[in-house]
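Have a look at the structure below, then the notes.
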Amino acid sequence: MRLVGPSGEQVGIVPLAKALELAQEYDLDLVEVAANARPPVCKLMDYGKFKYESAMKAREARKNQAHTVIKEMKLRPKIDPHDYETKKGHVERFLKQGDKVKITIMFRGREQSRPELGFRLLKRLSEDVQELGFVESSPKQDGRNMIMVLGPHKKKTEAMAEAREAQAARKDARRGYEQGTAPAEGGAEAEETVVEETVATPAATPADEG
């Protein structure tokens with residue numbers, strides 16, 4: 001077999017008995033890492049530590065893996081302004097998270113004869129969120145509904161990384177308040193306000209001094 005040492009160095013081609021002797025000498029395991037090679041490749045390693053590190057790497061890879069998620073938001077063609085702002089807020093949140101958003105306009109009754117209402121609403125929404133996303137699939141009629149898909153400018157992995165950073169920052173801030181090391185609320189800003197107010201105070205006139 002071809003033997004690789006514990007630090008990755010090439011020991012060379014050795015018989016099995018010699019490899020087992022070295023494994024016992026180093027107090028390590030003899031692990032076959034390339035069975036199909038000719039000759040097979042084995043390595044001296046701490047197999048328990050190797051399995052643990054492999055599991056941690058796989059866990060980290062799953063943690064950072066970006067899954068394509070499509071959220072759906074349903075609107076009526078004659079939605080009132082308050083509901084529109086609420087729905088738009090949800091769409092913005094989804095796009096910030098790096099998710100795609102499927103927008104569905106639901107037509108009922110006579111509304112089906114007014115497809116321009118749906119086109120107009122979808123165009124307005126796409127323009128309102130254009131800083132966060134783009135039209136990935138243009139509006140199209142699908143039975144009684146009209147559908148458009150928005151894609152995020154930000155990749156899912158980037159959004160996840162930013163979310164973790166924000167969460168860590170919140171934890172640090174909370175820890176600072178608990179330990180009493182956080183700055184007093186409004187401290188620096190209050191001082192600046194006082195200075196501005198002092199500068200804005202008019203100077204006394206000669207008549208006042210008299």
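Following the order of the structure tokens, first chain is A, next is B, and so on, with residues numbered from 1 inside each chain and ligands from 1 in the order they appear.
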Fill in: Spatial neighbours of Ala37 of chain A, max dist 12 Å, only C-alpha atoms, sep filter under 6 positions, as a ChimeraX atom specification
/A:1-3
Discussion item. Residues near Gln10 of chain A, anyone? I mean within 12 Å using only C-alpha atoms, not counting same-chain ones fewer than 2 positions away, as a PyMOL selection string.
Written reply: chain A and resi 1-8+12-14+41-44
Discussion item. Just checking: using only C-alpha atoms, which residue out of A:Lys96, A:Arg174, A:Lys49, A:Arg124 ends up closest to Gly151 of chain A?
Written reply: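 Checking each of A:Lys96, A:Arg174, A:Lys49, A:Arg124 against Gly151 of chain A, counting only C-alpha atoms, the winner is A:Lys96.
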Discussion item. So that I can check the secondary structure, give me every residue of segment 1-208 of chain A assigned strand (DSSP E) by backbone DSSP, as a VMD selection string.
Written reply: chain A and resid 2 to 4 10 to 13 29 to 34 41 to 45 70 to 75 100 to 106 133 to 142 145 to 152
Item to complete: One decimal, Å: what's the distance from atom CA of Phe134 of chain A over to atom CA of Leu150 of chain A, could you say?
Response: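 It comes out at 5.5 Å.
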Item to complete: Determine, counting only C-alpha atoms, which protein, DNA and RNA residues have an atom within 12 Å of an atom of Tyr84 of chain A; residues of the same chain fewer than 3 positions away are not included. Present the result as a ChimeraX atom specification.
Response: /A:73-81,87-91,121-122,124-125,128
Practice prompt. Please indicate the distance in Å from atom CA of Tyr177 of chain A to atom CA of Ala161 of chain A, rounded to one decimal place.
Written response: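 Interatomic distance here is 24.6 Å.
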Could I get the residues of segment 124-183 of chain A with an atom no further than 12 Å from an atom of segment 103-115 of chain A, each paired with its nearest atom pair and that distance in Å to one decimal, using only C-alpha atoms, sorted by chain and residue number, as a Markdown table?
| residue | atom | partner | partner_atom | distance |
| --- | --- | --- | --- | --- |
| A:Leu125 | CA | A:Ile103 | CA | 9.4 |
| A:Ser126 | CA | A:Ile103 | CA | 9.9 |
| A:Val135 | CA | A:Ile103 | CA | 10.5 |
| A:Glu136 | CA | A:Ile103 | CA | 11.3 |
| A:Ser137 | CA | A:Ile103 | CA | 10.1 |
| A:Ser138 | CA | A:Ile103 | CA | 10.5 |
| A:Pro139 | CA | A:Ile103 | CA | 8.9 |
| A:Lys140 | CA | A:Pro115 | CA | 9.9 |
| A:Gln141 | CA | A:Pro115 | CA | 8.3 |
| A:Asp142 | CA | A:Thr104 | CA | 9.4 |
| A:Gly143 | CA | A:Phe107 | CA | 9.3 |
| A:Arg144 | CA | A:Phe107 | CA | 5.6 |
| A:Asn145 | CA | A:Met106 | CA | 4.8 |
| A:Met146 | CA | A:Ile105 | CA | 5.0 |
| A:Ile147 | CA | A:Thr104 | CA | 4.7 |
| A:Met148 | CA | A:Ile103 | CA | 5.2 |
| A:Val149 | CA | A:Ile103 | CA | 6.0 |
| A:Leu150 | CA | A:Ile103 | CA | 7.6 |
| A:Gly151 | CA | A:Ile103 | CA | 11.0 |
